[in-house]
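Raw contents of final_33.txt, compact mmCIF, C-alpha atoms and all ligand atoms:
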# COMPACT_ATOMS: atom_id res chain seq x y z
CA MET A 1 42.03 -42.03 24.73
CA MET A 2 40.12 -39.34 26.63
CA PRO A 3 37.15 -41.44 27.82
CA SER A 4 39.32 -43.88 29.83
CA ALA A 5 41.22 -41.03 31.48
CA LEU A 6 37.96 -39.39 32.51
CA LEU A 7 36.59 -42.67 33.79
CA VAL A 8 39.55 -43.03 36.14
CA LEU A 9 39.03 -39.48 37.33
CA THR A 10 35.38 -40.07 38.00
CA ILE A 11 36.25 -43.02 40.22
CA LEU A 12 38.85 -40.96 42.08
CA ALA A 13 36.57 -37.98 42.49
CA GLY A 14 33.32 -39.63 43.40
CA GLY A 15 34.15 -43.20 44.29
CA THR A 16 31.27 -44.20 42.07
CA LEU A 17 30.35 -44.43 38.44
CA ALA A 18 26.96 -42.85 39.05
CA GLN A 19 28.15 -39.41 37.98
CA GLN A 20 28.85 -38.67 34.36
CA SER A 21 32.07 -36.89 33.45
CA VAL A 22 32.22 -33.48 31.77
CA TRP A 23 30.98 -33.61 28.13
CA GLY A 24 29.55 -37.11 28.67
CA GLN A 25 25.93 -37.99 27.89
CA CYS A 26 23.56 -37.74 30.85
CA GLY A 27 20.09 -38.14 29.37
CA GLY A 28 17.83 -38.40 26.37
CA ILE A 29 15.38 -40.91 24.97
CA GLY A 30 16.89 -44.38 25.19
CA TRP A 31 19.69 -43.36 27.58
CA SER A 32 20.16 -45.74 30.51
CA GLY A 33 23.51 -44.50 31.87
CA ALA A 34 24.35 -41.93 34.53
CA THR A 35 22.01 -38.98 34.75
CA SER A 36 23.90 -36.79 37.20
CA CYS A 37 27.08 -34.93 36.41
CA VAL A 38 30.36 -34.42 38.22
CA ALA A 39 30.52 -31.25 40.31
CA GLY A 40 30.93 -28.06 38.34
CA SER A 41 28.95 -29.32 35.39
CA CYS A 42 25.22 -29.54 34.75
CA CYS A 43 23.19 -31.97 32.70
CA LYS A 44 21.95 -29.80 29.84
CA THR A 45 19.32 -30.98 27.39
CA GLN A 46 20.23 -30.40 23.76
CA ASN A 47 17.13 -32.12 22.39
CA ASP A 48 14.80 -35.02 23.18
CA TYR A 49 17.54 -37.51 22.37
CA TYR A 50 20.61 -36.03 23.97
CA ALA A 51 21.61 -34.33 27.18
CA GLN A 52 25.21 -33.69 28.10
CA CYS A 53 27.26 -32.76 31.17
CA THR A 54 28.32 -29.21 30.42
CA PRO A 55 30.60 -27.11 32.62
CA GLY A 56 29.34 -23.68 33.47
CA ALA A 57 29.02 -20.87 35.94
CA GLY A 58 25.39 -21.80 36.55
CA CYS A 59 26.41 -25.19 37.89
CA ALA A 60 26.71 -25.11 41.65
CA GLY A 61 29.24 -27.29 43.33
CA ALA A 62 32.87 -28.04 43.85
CA THR A 63 34.87 -26.26 41.24
CA ALA A 64 37.84 -28.32 42.41
CA THR A 65 36.57 -31.37 40.59
CA THR A 66 35.97 -29.34 37.47
CA MET A 67 39.45 -27.93 37.61
CA THR A 68 40.96 -31.37 38.13
CA THR A 69 39.06 -32.67 35.16
CA ALA A 70 40.00 -29.72 33.01
CA THR A 71 43.63 -29.93 33.99
CA SER A 72 43.79 -33.62 33.34
CA ARG A 73 42.26 -33.05 29.93
CA GLY A 74 45.05 -30.70 28.98
CA ALA A 75 47.80 -32.39 30.96
CA THR A 76 48.69 -34.89 28.30
CA THR A 77 49.14 -32.15 25.76
CA THR A 78 50.36 -28.61 26.28
CA THR A 79 50.16 -25.76 28.75
CA SER A 80 48.24 -23.54 26.36
CA LYS A 81 45.56 -26.17 25.97
CA THR A 82 45.28 -26.47 29.73
CA THR A 83 44.67 -22.74 29.85
CA SER A 84 42.02 -22.84 27.18
CA THR A 85 40.20 -25.82 28.65
CA THR A 86 40.15 -24.07 32.00
CA SER A 87 38.29 -21.21 30.34
CA LYS A 88 35.53 -23.67 29.46
CA ALA A 89 34.61 -23.83 33.13
CA THR A 90 34.25 -20.05 33.37
CA PRO A 91 32.25 -18.81 30.42
CA THR A 92 32.18 -15.07 29.95
CA PRO A 93 28.99 -13.33 31.09
CA SER A 94 27.74 -12.85 27.56
CA ASN A 95 27.45 -16.58 26.98
CA THR A 96 23.81 -17.50 26.54
CA GLY A 97 24.36 -21.25 26.82
CA ARG A 98 23.59 -21.87 23.21
CA THR A 99 24.60 -20.46 19.90
CA ARG A 100 22.34 -17.92 18.24
CA PHE A 101 22.13 -19.97 15.04
CA ALA A 102 21.65 -23.67 14.28
CA GLY A 103 20.86 -25.21 10.92
CA VAL A 104 21.85 -27.29 7.93
CA ASN A 105 23.06 -26.86 4.37
CA ILE A 106 20.52 -27.31 1.61
CA ALA A 107 22.83 -28.44 -1.18
CA GLY A 108 22.13 -29.11 -4.85
CA PHE A 109 22.70 -25.91 -6.84
CA ASP A 110 26.42 -26.57 -6.26
CA PHE A 111 26.38 -30.15 -7.60
CA GLY A 112 28.85 -30.45 -10.46
CA CYS A 113 31.32 -27.97 -8.90
CA GLY A 114 34.80 -29.37 -8.33
CA THR A 115 37.50 -28.26 -5.93
CA ASP A 116 39.35 -26.72 -8.90
CA GLY A 117 36.51 -24.22 -9.33
CA THR A 118 35.01 -25.84 -12.40
CA CYS A 119 31.24 -26.16 -12.32
CA ASN A 120 29.42 -28.28 -14.85
CA THR A 121 26.05 -26.56 -14.80
CA SER A 122 24.45 -29.62 -16.41
CA LYS A 123 25.04 -31.47 -13.18
CA ILE A 124 23.24 -29.23 -10.74
CA TYR A 125 20.46 -30.99 -8.88
CA PRO A 126 18.23 -28.24 -7.49
CA PRO A 127 16.51 -28.92 -4.17
CA VAL A 128 13.43 -27.24 -5.60
CA LYS A 129 10.37 -29.25 -6.54
CA ASN A 130 9.12 -29.59 -10.07
CA MET A 131 11.70 -27.60 -11.95
CA PRO A 132 14.17 -28.39 -14.71
CA PRO A 133 16.52 -30.05 -15.40
CA SER A 134 14.96 -33.03 -13.64
CA TYR A 135 11.41 -33.51 -12.58
CA ASN A 136 10.32 -34.04 -8.97
CA ASN A 137 13.47 -32.60 -7.44
CA PRO A 138 13.97 -32.85 -3.69
CA ASP A 139 11.66 -30.66 -1.64
CA GLY A 140 14.14 -28.18 -0.19
CA ALA A 141 11.33 -25.88 0.91
CA GLY A 142 9.60 -28.70 2.76
CA GLN A 143 12.88 -29.74 4.36
CA MET A 144 13.54 -26.21 5.61
CA ASN A 145 10.02 -25.84 6.94
CA HIS A 146 10.46 -29.08 8.85
CA PHE A 147 13.88 -28.13 10.20
CA TYR A 148 12.58 -24.72 11.26
CA LYS A 149 9.33 -25.88 12.87
CA ASP A 150 10.18 -29.32 14.26
CA ASP A 151 13.91 -28.97 14.96
CA HIS A 152 13.91 -25.28 15.93
CA MET A 153 16.65 -24.44 13.46
CA ASN A 154 17.05 -20.89 12.22
CA ILE A 155 19.71 -20.80 9.52
CA PHE A 156 20.13 -22.52 6.16
CA ARG A 157 23.11 -22.35 3.83
CA LEU A 158 22.27 -22.51 0.16
CA PRO A 159 25.35 -23.45 -1.91
CA VAL A 160 25.40 -22.44 -5.58
CA GLY A 161 27.98 -22.51 -8.34
CA TRP A 162 29.29 -19.18 -9.62
CA GLN A 163 29.08 -20.43 -13.22
CA TYR A 164 25.38 -21.21 -12.77
CA LEU A 165 24.59 -17.73 -11.46
CA VAL A 166 26.09 -16.03 -14.52
CA ASN A 167 25.49 -18.90 -16.97
CA ASN A 168 29.22 -19.38 -17.55
CA ASN A 169 29.75 -15.73 -18.47
CA LEU A 170 32.60 -14.64 -16.18
CA GLY A 171 32.07 -11.07 -15.03
CA GLY A 172 28.69 -10.96 -16.76
CA THR A 173 25.21 -10.23 -15.51
CA LEU A 174 23.27 -12.69 -13.38
CA ASP A 175 21.38 -15.09 -15.62
CA SER A 176 17.71 -14.32 -15.10
CA THR A 177 16.54 -17.89 -15.68
CA ASN A 178 19.11 -19.52 -13.42
CA LEU A 179 18.82 -16.84 -10.76
CA GLY A 180 15.07 -17.29 -10.92
CA TYR A 181 15.43 -20.95 -10.00
CA TYR A 182 17.97 -20.31 -7.25
CA ASP A 183 15.83 -17.48 -5.91
CA GLN A 184 12.96 -19.93 -5.43
CA LEU A 185 15.14 -21.72 -2.89
CA VAL A 186 16.21 -18.43 -1.30
CA GLN A 187 12.62 -17.23 -1.01
CA SER A 188 11.41 -20.50 0.50
CA CYS A 189 14.22 -20.20 3.03
CA LEU A 190 13.29 -16.61 3.88
CA SER A 191 9.63 -17.52 4.18
CA THR A 192 10.40 -19.94 7.03
CA GLY A 193 11.70 -17.06 9.12
CA ALA A 194 15.27 -18.36 9.12
CA TYR A 195 18.50 -16.66 8.08
CA CYS A 196 19.70 -17.73 4.64
CA ILE A 197 23.34 -17.92 3.60
CA ILE A 198 24.11 -17.39 -0.08
CA ASP A 199 27.23 -19.53 -0.56
CA ILE A 200 29.21 -19.28 -3.80
CA HIS A 201 30.70 -22.75 -3.84
CA ASN A 202 33.82 -22.23 -5.94
CA TYR A 203 36.93 -22.79 -3.78
CA ALA A 204 38.25 -19.26 -4.58
CA ARG A 205 38.44 -20.25 -8.24
CA TRP A 206 36.87 -20.13 -11.67
CA ASN A 207 37.82 -23.04 -13.93
CA GLY A 208 41.08 -23.86 -12.21
CA ALA A 209 42.45 -20.36 -11.63
CA ILE A 210 42.40 -18.37 -8.40
CA ILE A 211 40.55 -15.08 -8.04
CA GLY A 212 42.93 -12.12 -7.88
CA GLN A 213 45.95 -14.41 -8.14
CA GLY A 214 46.20 -15.42 -11.78
CA GLY A 215 42.52 -16.21 -12.37
CA PRO A 216 39.48 -13.94 -12.47
CA THR A 217 40.06 -10.32 -11.52
CA ASN A 218 38.72 -8.95 -8.28
CA ASP A 219 36.34 -6.86 -10.39
CA GLN A 220 34.85 -9.96 -12.00
CA PHE A 221 34.23 -11.50 -8.59
CA VAL A 222 32.99 -8.23 -7.13
CA SER A 223 30.55 -8.02 -10.03
CA VAL A 224 28.60 -11.13 -9.05
CA TRP A 225 28.41 -10.06 -5.41
CA LYS A 226 27.42 -6.50 -6.25
CA GLN A 227 24.48 -7.82 -8.27
CA LEU A 228 23.43 -10.29 -5.57
CA ALA A 229 23.70 -7.67 -2.84
CA THR A 230 21.61 -5.26 -4.91
CA LYS A 231 18.93 -7.90 -5.35
CA TYR A 232 18.79 -8.84 -1.66
CA ALA A 233 19.71 -5.50 -0.07
CA SER A 234 16.37 -5.12 1.72
CA GLN A 235 16.39 -8.64 3.20
CA SER A 236 17.86 -8.48 6.69
CA ARG A 237 18.05 -12.27 6.99
CA ILE A 238 20.16 -12.77 3.88
CA TRP A 239 23.72 -13.68 4.86
CA PHE A 240 26.50 -13.18 2.33
CA GLY A 241 28.85 -16.20 2.30
CA ILE A 242 31.60 -14.80 0.13
CA MET A 243 33.26 -18.03 -0.94
CA ASN A 244 33.30 -21.72 -0.07
CA GLU A 245 36.60 -23.32 0.95
CA PRO A 246 39.50 -21.41 -0.54
CA HIS A 247 42.48 -23.75 -0.60
CA ASP A 248 46.10 -23.65 -1.78
CA VAL A 249 45.78 -19.89 -2.16
CA PRO A 250 49.37 -18.59 -2.57
CA SER A 251 48.97 -15.25 -0.75
CA ILE A 252 46.57 -14.92 2.15
CA THR A 253 47.06 -11.15 2.26
CA THR A 254 46.17 -10.88 -1.44
CA TRP A 255 43.11 -13.03 -0.76
CA ALA A 256 42.14 -10.77 2.15
CA ALA A 257 42.30 -7.82 -0.26
CA THR A 258 39.89 -9.67 -2.58
CA VAL A 259 37.53 -10.30 0.35
CA GLN A 260 37.82 -6.63 1.34
CA ALA A 261 36.78 -5.55 -2.18
CA VAL A 262 33.71 -7.78 -1.98
CA VAL A 263 32.71 -6.47 1.45
CA ILE A 264 32.88 -2.87 0.23
CA ALA A 265 30.84 -3.76 -2.85
CA ILE A 266 28.14 -5.55 -0.85
CA ARG A 267 27.80 -2.67 1.62
CA ASN A 268 27.80 -0.01 -1.10
CA ALA A 269 25.10 -1.93 -2.98
CA GLY A 270 22.78 -1.20 -0.07
CA ALA A 271 23.20 -4.33 2.05
CA THR A 272 24.56 -2.16 4.81
CA SER A 273 23.98 -4.30 7.88
CA GLN A 274 23.61 -7.98 7.01
CA PHE A 275 26.06 -10.65 8.09
CA ILE A 276 28.97 -11.27 5.75
CA SER A 277 31.21 -14.25 6.37
CA LEU A 278 34.95 -14.20 5.77
CA PRO A 279 36.52 -17.44 4.50
CA GLY A 280 40.17 -18.33 5.12
CA ASN A 281 42.59 -20.62 3.30
CA ASP A 282 43.00 -24.38 3.91
CA TRP A 283 39.37 -25.23 3.15
CA GLN A 284 38.31 -22.84 5.94
CA SER A 285 39.58 -25.36 8.48
CA ALA A 286 38.76 -24.22 12.02
CA GLY A 287 41.97 -25.94 13.10
CA ALA A 288 44.17 -24.02 10.65
CA VAL A 289 42.61 -20.56 10.57
CA ILE A 290 45.01 -19.14 13.15
CA SER A 291 48.19 -21.01 12.21
CA ASP A 292 47.92 -20.44 8.45
CA GLY A 293 47.56 -16.67 8.86
CA SER A 294 43.95 -16.50 7.68
CA ALA A 295 42.61 -15.07 10.94
CA ALA A 296 45.24 -12.34 11.05
CA ALA A 297 44.85 -11.40 7.37
CA LEU A 298 41.05 -11.43 7.39
CA SER A 299 40.89 -9.45 10.64
CA THR A 300 42.03 -6.42 8.62
CA VAL A 301 38.87 -6.56 6.47
CA LYS A 302 36.55 -3.67 7.38
CA ASN A 303 33.18 -2.20 6.50
CA PRO A 304 33.23 1.10 4.60
CA ASP A 305 32.77 2.89 7.95
CA GLY A 306 35.89 1.24 9.35
CA THR A 307 34.06 -1.12 11.71
CA THR A 308 33.91 -4.90 11.64
CA THR A 309 30.22 -5.07 12.56
CA ASN A 310 28.66 -8.32 11.30
CA LEU A 311 31.86 -9.41 9.56
CA VAL A 312 32.16 -12.96 10.84
CA PHE A 313 34.90 -15.55 10.41
CA ASP A 314 33.56 -18.53 8.47
CA VAL A 315 35.04 -21.93 9.38
CA HIS A 316 34.46 -25.57 8.53
CA LYS A 317 35.35 -28.68 10.52
CA TYR A 318 34.65 -32.36 10.12
CA LEU A 319 35.23 -35.01 12.74
CA ASP A 320 36.71 -37.87 10.75
CA SER A 321 40.32 -39.03 10.74
CA ASP A 322 41.53 -36.56 8.10
CA ASN A 323 38.99 -33.71 8.53
CA SER A 324 37.74 -34.42 5.03
CA GLY A 325 34.11 -35.16 5.80
CA THR A 326 34.20 -38.32 3.72
CA HIS A 327 34.15 -41.01 6.41
CA THR A 328 31.16 -42.28 8.36
CA GLU A 329 33.15 -42.78 11.57
CA CYS A 330 34.25 -39.85 13.75
CA VAL A 331 37.42 -39.70 15.84
CA THR A 332 37.47 -36.26 17.49
CA ASP A 333 35.25 -33.59 19.03
CA ASN A 334 37.63 -30.91 17.64
CA ILE A 335 37.66 -29.05 20.96
CA ASP A 336 41.35 -29.13 21.88
CA GLY A 337 42.49 -29.19 18.26
CA ALA A 338 40.36 -26.38 16.91
CA PHE A 339 37.53 -24.75 18.83
CA ALA A 340 39.21 -24.05 22.17
CA PRO A 341 42.21 -22.21 20.64
CA LEU A 342 39.88 -20.45 18.21
CA ALA A 343 37.60 -19.32 21.06
CA THR A 344 40.60 -17.85 22.85
CA TRP A 345 41.74 -16.02 19.71
CA LEU A 346 38.26 -14.69 18.97
CA ARG A 347 37.88 -13.36 22.53
CA GLN A 348 41.29 -11.75 22.49
CA ASN A 349 40.45 -10.06 19.21
CA GLY A 350 36.83 -9.20 19.95
CA ARG A 351 35.48 -11.24 17.05
CA GLN A 352 33.01 -14.04 16.29
CA ALA A 353 32.91 -17.06 14.01
CA ILE A 354 30.31 -19.37 12.51
CA LEU A 355 30.80 -23.04 11.62
CA THR A 356 29.09 -23.36 8.24
CA GLU A 357 30.04 -26.97 7.49
CA THR A 358 30.32 -29.85 9.90
CA GLY A 359 29.02 -33.37 9.67
CA GLY A 360 29.56 -37.07 10.08
CA GLY A 361 28.01 -40.43 9.44
CA ASN A 362 24.87 -41.63 11.13
CA THR A 363 26.99 -43.71 13.48
CA ALA A 364 27.54 -44.00 17.24
CA SER A 365 31.03 -42.45 17.05
CA CYS A 366 29.78 -39.40 15.16
CA GLN A 367 26.84 -39.01 17.52
CA THR A 368 29.21 -38.91 20.49
CA TYR A 369 31.76 -36.51 19.00
CA MET A 370 29.32 -34.27 17.14
CA CYS A 371 27.20 -33.76 20.24
CA GLN A 372 30.35 -32.93 22.23
CA GLN A 373 31.49 -30.46 19.59
CA ILE A 374 28.12 -28.72 19.47
CA ALA A 375 27.89 -28.60 23.26
CA TYR A 376 31.25 -26.81 23.26
CA LEU A 377 30.05 -24.27 20.71
CA ASN A 378 26.92 -23.72 22.79
CA ALA A 379 28.99 -23.26 25.94
CA ASN A 380 31.06 -20.62 24.12
CA SER A 381 28.24 -18.79 22.41
CA ASP A 382 29.85 -15.42 23.06
CA VAL A 383 32.31 -16.14 20.24
CA PHE A 384 30.59 -18.90 18.24
CA LEU A 385 27.49 -17.66 16.43
CA GLY A 386 26.31 -21.07 15.32
CA TYR A 387 26.70 -24.23 13.32
CA VAL A 388 25.35 -25.46 9.99
CA GLY A 389 25.39 -29.19 9.26
CA TRP A 390 26.52 -30.74 5.96
CA SER A 391 24.21 -31.72 4.39
CA ALA A 392 20.57 -31.99 3.45
CA GLY A 393 19.01 -30.76 0.20
CA SER A 394 19.50 -33.03 -2.81
CA PHE A 395 21.62 -35.68 -1.09
CA ASP A 396 19.90 -39.03 -0.66
CA ASN A 397 20.67 -41.79 1.81
CA THR A 398 23.50 -43.17 -0.32
CA TYR A 399 25.62 -40.16 0.75
CA GLU A 400 27.88 -40.84 3.74
CA LEU A 401 27.06 -37.57 5.50
CA VAL A 402 23.39 -37.38 4.61
CA GLU A 403 21.27 -35.08 6.77
CA THR A 404 18.28 -35.07 4.43
CA PRO A 405 15.04 -35.89 6.22
CA THR A 406 12.71 -38.41 4.63
CA GLY A 407 8.99 -38.10 4.26
CA GLY A 408 7.14 -34.96 3.34
CA GLY A 409 4.21 -32.73 4.03
CA SER A 410 3.77 -32.57 7.78
CA SER A 411 5.55 -35.87 8.47
CA TRP A 412 9.32 -35.87 8.24
CA THR A 413 11.88 -38.22 9.79
CA ASP A 414 15.36 -36.96 10.57
CA THR A 415 18.62 -38.84 10.20
CA SER A 416 19.99 -40.04 13.54
CA LEU A 417 22.80 -37.46 13.67
CA VAL A 418 20.41 -34.58 13.06
CA LYS A 419 17.98 -35.96 15.61
CA SER A 420 20.59 -36.54 18.29
CA CYS A 421 22.95 -33.60 17.86
CA LEU A 422 21.92 -30.86 15.41
CA ALA A 423 18.23 -30.48 16.23
CA ARG A 424 17.03 -28.39 19.16
CA SER A 425 14.14 -29.06 21.47
CA SER A 426 13.01 -25.44 21.66
C1 LIG B 501 28.71 -32.03 -17.92
O1 LIG B 501 27.76 -32.95 -17.42
C2 LIG B 501 26.99 -33.56 -18.45
C3 LIG B 501 25.89 -34.34 -17.78
O2 LIG B 501 26.40 -35.27 -16.86
C4 LIG B 501 27.92 -34.41 -19.30
O3 LIG B 501 27.18 -35.02 -20.35
C5 LIG B 501 29.01 -33.53 -19.90
O4 LIG B 501 29.94 -34.33 -20.60
C6 LIG B 501 29.72 -32.75 -18.81
N1 LIG B 501 30.62 -31.80 -19.40
C7 LIG B 501 31.90 -31.72 -19.07
C8 LIG B 501 32.69 -30.67 -19.76
O5 LIG B 501 32.43 -32.46 -18.27

Please express the file's structure as structure tokens.
Ligand SMILES: *[C@@H]1O[C@H](CO)[C@@H](O)[C@H](O)[C@H]1NC(C)=O
Amino acid sequence: MMPSALLVLTILAGGTLAQQSVWGQCGGIGWSGATSCVAGSCCKTQNDYYAQCTPGAGCAGATATTMTTATSRGATTTTSKTTSTTSKATPTPSNTGRTRFAGVNIAGFDFGCGTDGTCNTSKIYPPVKNMPPSYNNPDGAGQMNHFYKDDHMNIFRLPVGWQYLVNNNLGGTLDSTNLGYYDQLVQSCLSTGAYCIIDIHNYARWNGAIIGQGGPTNDQFVSVWKQLATKYASQSRIWFGIMNEPHDVPSITTWAATVQAVVIAIRNAGATSQFISLPGNDWQSAGAVISDGSAAALSTVKNPDGTTTNLVFDVHKYLDSDNSGTHTECVTDNIDGAFAPLATWLRQNGRQAILTETGGGNTASCQTYMCQQIAYLNANSDVFLGYVGWSAGSFDNTYELVETPTGGGSSWTDTSLVKSCLARSS
């Protein structure tokens, strides 16, 4: 769809195919296509393997071509999309050209958790070496060191099941043994120098019932966060990811009240300034967060002092045909359908968001669309704080969306999607 339309435009604008269109690839190891970009966009290097034509104020040249391209992009759809794509060509002054954070998920302590909020704690597969329940577990610490040093990443999300943290005792104290194991992963994350997201991976539920809406009480959920915040209060790089992928939550305003209770508890436990991420309904879909009312409801959540400092919207987005993150082929860059309207909303409301799950297969289609999506986030870094790929950790290469590097010690090899799109060159 879009590529052929842009190709026609390129011919009309330049009379030659030598110039790459906006968001097209323009360099990187193994690239033999066009290396210059249409006017109004610059060839920006994302990493050794990928450079992309990115519109921006720093790109000298005829804005007319940029505007034509932008208009044509939105022309087949709606006026509002035309408006938002136009804003891509004029980033606000606070854009730095790349997001503050880039990283991956280090999954495993969440294995065995279902979308109904059940977690079979016998099925966790910790990405921590040489610990029970299975020997020679994946080297999450080594992976994070590699991602931090070689790929210049600076954030890792560490999913964990609620049941595991409290050893199936709803509302009870953190289990010292289980927390001890999980904390090994947290500490190895912190020791890299990166930010570390504690992600309770329970879909707003405990054993099939929704928190604050028929299931656990807010107090029971607040309890686990109050204890975690107390433990990590002095760590400025701990990031509190309140809940993974709420879905089919009946009342978004009631859910926002639950999130508000957790925010107050975390702050009052002494974690007064760290990032806290606010998850909406519909699996945190970046394409639904405005339309389903999540953005409006969660925008009322405040710190105890009445500010929204470091309260960040937490969204997910996959690039496959049904946004499920289960297919190895990608079909969209999510710009018109999700990130452009979200950027507009965030700017209008003075807020920021982070993409804590995104991923695709190690395929050509996912490389194209993922790199485009990330370039868009980078170009709108005033409102998008970063992205976190799904997933490394305990996944092996039989998993469709594997981002786990192979090797070890000082010699790791990345998957092709990480190498081409998620990694940074500096
Ligand atoms: C939990 O997982 C273990 C190990 O796979 C399995 O033996 C057990 O039946 C599971 N329990 C439930 C309730 O599904």

Point (28.2, -23.2, 13.8), cut-off 9 Å, counting all atoms listed in the file, residues as a short mmCIF file (atom, residue, chain, number, x, y, z; two decimals) with C-alpha atoms, in the frame of the given file:
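Output below, filename point21.cif:
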data_model
loop_
_atom_site.label_atom_id
_atom_site.label_comp_id
_atom_site.auth_asym_id
_atom_site.auth_seq_id
_atom_site.Cartn_x
_atom_site.Cartn_y
_atom_site.Cartn_z
CA THR A 99 24.60 -20.46 19.90
CA PHE A 101 22.13 -19.97 15.04
CA ALA A 102 21.65 -23.67 14.28
CA GLY A 103 20.86 -25.21 10.92
CA ASP A 314 33.56 -18.53 8.47
CA VAL A 315 35.04 -21.93 9.38
CA HIS A 316 34.46 -25.57 8.53
CA ALA A 353 32.91 -17.06 14.01
CA ILE A 354 30.31 -19.37 12.51
CA LEU A 355 30.80 -23.04 11.62
CA THR A 356 29.09 -23.36 8.24
CA GLU A 357 30.04 -26.97 7.49
CA THR A 358 30.32 -29.85 9.90
CA ILE A 374 28.12 -28.72 19.47
CA LEU A 377 30.05 -24.27 20.71
CA PHE A 384 30.59 -18.90 18.24
CA LEU A 385 27.49 -17.66 16.43
CA GLY A 386 26.31 -21.07 15.32
CA TYR A 387 26.70 -24.23 13.32
CA VAL A 388 25.35 -25.46 9.99
CA GLY A 389 25.39 -29.19 9.26
#

**Prompt:** Just how far from CA of Thr406 (chain A) is CA of Cys113 (chain A), in Å to one decimal?
**Reply:**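 Going from CA of Cys113 (chain A) over to CA of Thr406 (chain A), I get 25.3 Å.
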
**Distance in Å - CA of Pro216 (chain A) versus CA of Gly114 (chain A)** =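 Value for the CA of Pro216 (chain A)-CA of Gly114 (chain A) distance: 16.6 Å.
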
Output as JSON lines one row per residue of chain A within 9 Å of ligand LIG 501 (chain B): the closest atom pair and its distance in Å to one decimal place, counting only C-alpha atoms and all ligand atoms, sorted by chain and residue number ascending.
{"residue": "A:Gly112", "atom": "CA", "partner": "B:LIG501", "partner_atom": "O1", "distance": 7.5}
{"residue": "A:Cys119", "atom": "CA", "partner": "B:LIG501", "partner_atom": "C1", "distance": 8.5}
{"residue": "A:Asn120", "atom": "CA", "partner": "B:LIG501", "partner_atom": "C1", "distance": 4.9}
{"residue": "A:Thr121", "atom": "CA", "partner": "B:LIG501", "partner_atom": "C1", "distance": 6.8}
{"residue": "A:Ser122", "atom": "CA", "partner": "B:LIG501", "partner_atom": "O1", "distance": 4.8}
{"residue": "A:Lys123", "atom": "CA", "partner": "B:LIG501", "partner_atom": "O1", "distance": 5.3}
{"residue": "A:Ile124", "atom": "CA", "partner": "B:LIG501", "partner_atom": "O1", "distance": 8.9}

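If you count all atoms listed in the file and draw a sphere of 6 Å around (40.1, -22.6, -0.5), the protein and nucleic acid residues inside it come out as Tyr203, Ala204, Glu245, Pro246, His247, Asn281, Asp282 and Trp283 of chain A.
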
Mind checking which residues fall within 9 Å of Ser394 (chain A), counting all atoms listed in the file, ignoring those fewer than 3 positions away in the same chain, and posting them as a PDB file with C-alpha atoms, in the coordinates of the input?
ATOM      1  CA  ILE A 106      20.520 -27.310   1.610  1.00  0.00           C
ATOM      2  CA  ALA A 107      22.830 -28.440  -1.180  1.00  0.00           C
ATOM      3  CA  GLY A 108      22.130 -29.110  -4.850  1.00  0.00           C
ATOM      4  CA  PHE A 109      22.700 -25.910  -6.840  1.00  0.00           C
ATOM      5  CA  PHE A 111      26.380 -30.150  -7.600  1.00  0.00           C
ATOM      6  CA  TYR A 125      20.460 -30.990  -8.880  1.00  0.00           C
ATOM      7  CA  PRO A 126      18.230 -28.240  -7.490  1.00  0.00           C
ATOM      8  CA  PRO A 127      16.510 -28.920  -4.170  1.00  0.00           C
ATOM      9  CA  VAL A 128      13.430 -27.240  -5.600  1.00  0.00           C
ATOM     10  CA  ASN A 137      13.470 -32.600  -7.440  1.00  0.00           C
ATOM     11  CA  PRO A 138      13.970 -32.850  -3.690  1.00  0.00           C
ATOM     12  CA  ASP A 139      11.660 -30.660  -1.640  1.00  0.00           C
ATOM     13  CA  GLY A 140      14.140 -28.180  -0.190  1.00  0.00           C
ATOM     14  CA  SER A 391      24.210 -31.720   4.390  1.00  0.00           C
ATOM     15  CA  THR A 404      18.280 -35.070   4.430  1.00  0.00           C
TER      16      THR A 404
END

**Prompt:** Do you have the CA of Ser188 (chain A)-CA of Gly325 (chain A) distance handy?
**Reply:** 27.5 Å

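Nearest-residue note for Asp396 (chain A): choosing from A:Thr415, A:Thr363, A:Asn349, A:Asn380, the minimum distance belongs to A:Thr415, counting all atoms listed in the file.
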
Distance query Gln213 (chain A) at most 9 Å, all atoms listed in the file, self and fewer than 3 positions along chain excluded, as a JSON list (two decimals) with C-alpha atoms, in the frame of the given file:
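Output file result_8.json follows:
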[["chain", "number", "residue", "atom", "x", "y", "z"],
["A", 209, "ALA", "CA", 42.45, -20.36, -11.63],
["A", 210, "ILE", "CA", 42.40, -18.37, -8.40],
["A", 216, "PRO", "CA", 39.48, -13.94, -12.47],
["A", 217, "THR", "CA", 40.06, -10.32, -11.52],
["A", 249, "VAL", "CA", 45.78, -19.89, -2.16],
["A", 250, "PRO", "CA", 49.37, -18.59, -2.57],
["A", 251, "SER", "CA", 48.97, -15.25, -0.75],
["A", 254, "THR", "CA", 46.17, -10.88, -1.44],
["A", 255, "TRP", "CA", 43.11, -13.03, -0.76]]

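Proximity ranking of A:Ile197, A:Ala261, A:Thr328, A:Trp206 relative to Ile276 (chain A) places A:Ile197 first, based on all atoms listed in the file.
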
**Prompt:** Restricting the calculation to only C-alpha atoms, which member of A:Val38, A:Met243, A:Met370, A:Ala379 is positioned closest to Lys419 (chain A)?
**Reply:** A:Met370

**Asked** Could you pull the residues within 7 Å of Ala271 (chain A), counting all atoms listed in the file, minus those fewer than 2 positions along the same chain, as a ChimeraX atom specification?
**Response** /A:229,233-234,266-267,269,273-274

Starting from 5 Å padding per side, set up an axis-aligned box that covers all listed atoms of region 275-280 of chain A and hand over centre and edge lengths in Å, one decimal, as AutoDock Vina command-line options.
--center_x 33.1 --center_y -14.5 --center_z 6.3 --size_x 24.1 --size_y 17.7 --size_z 13.6
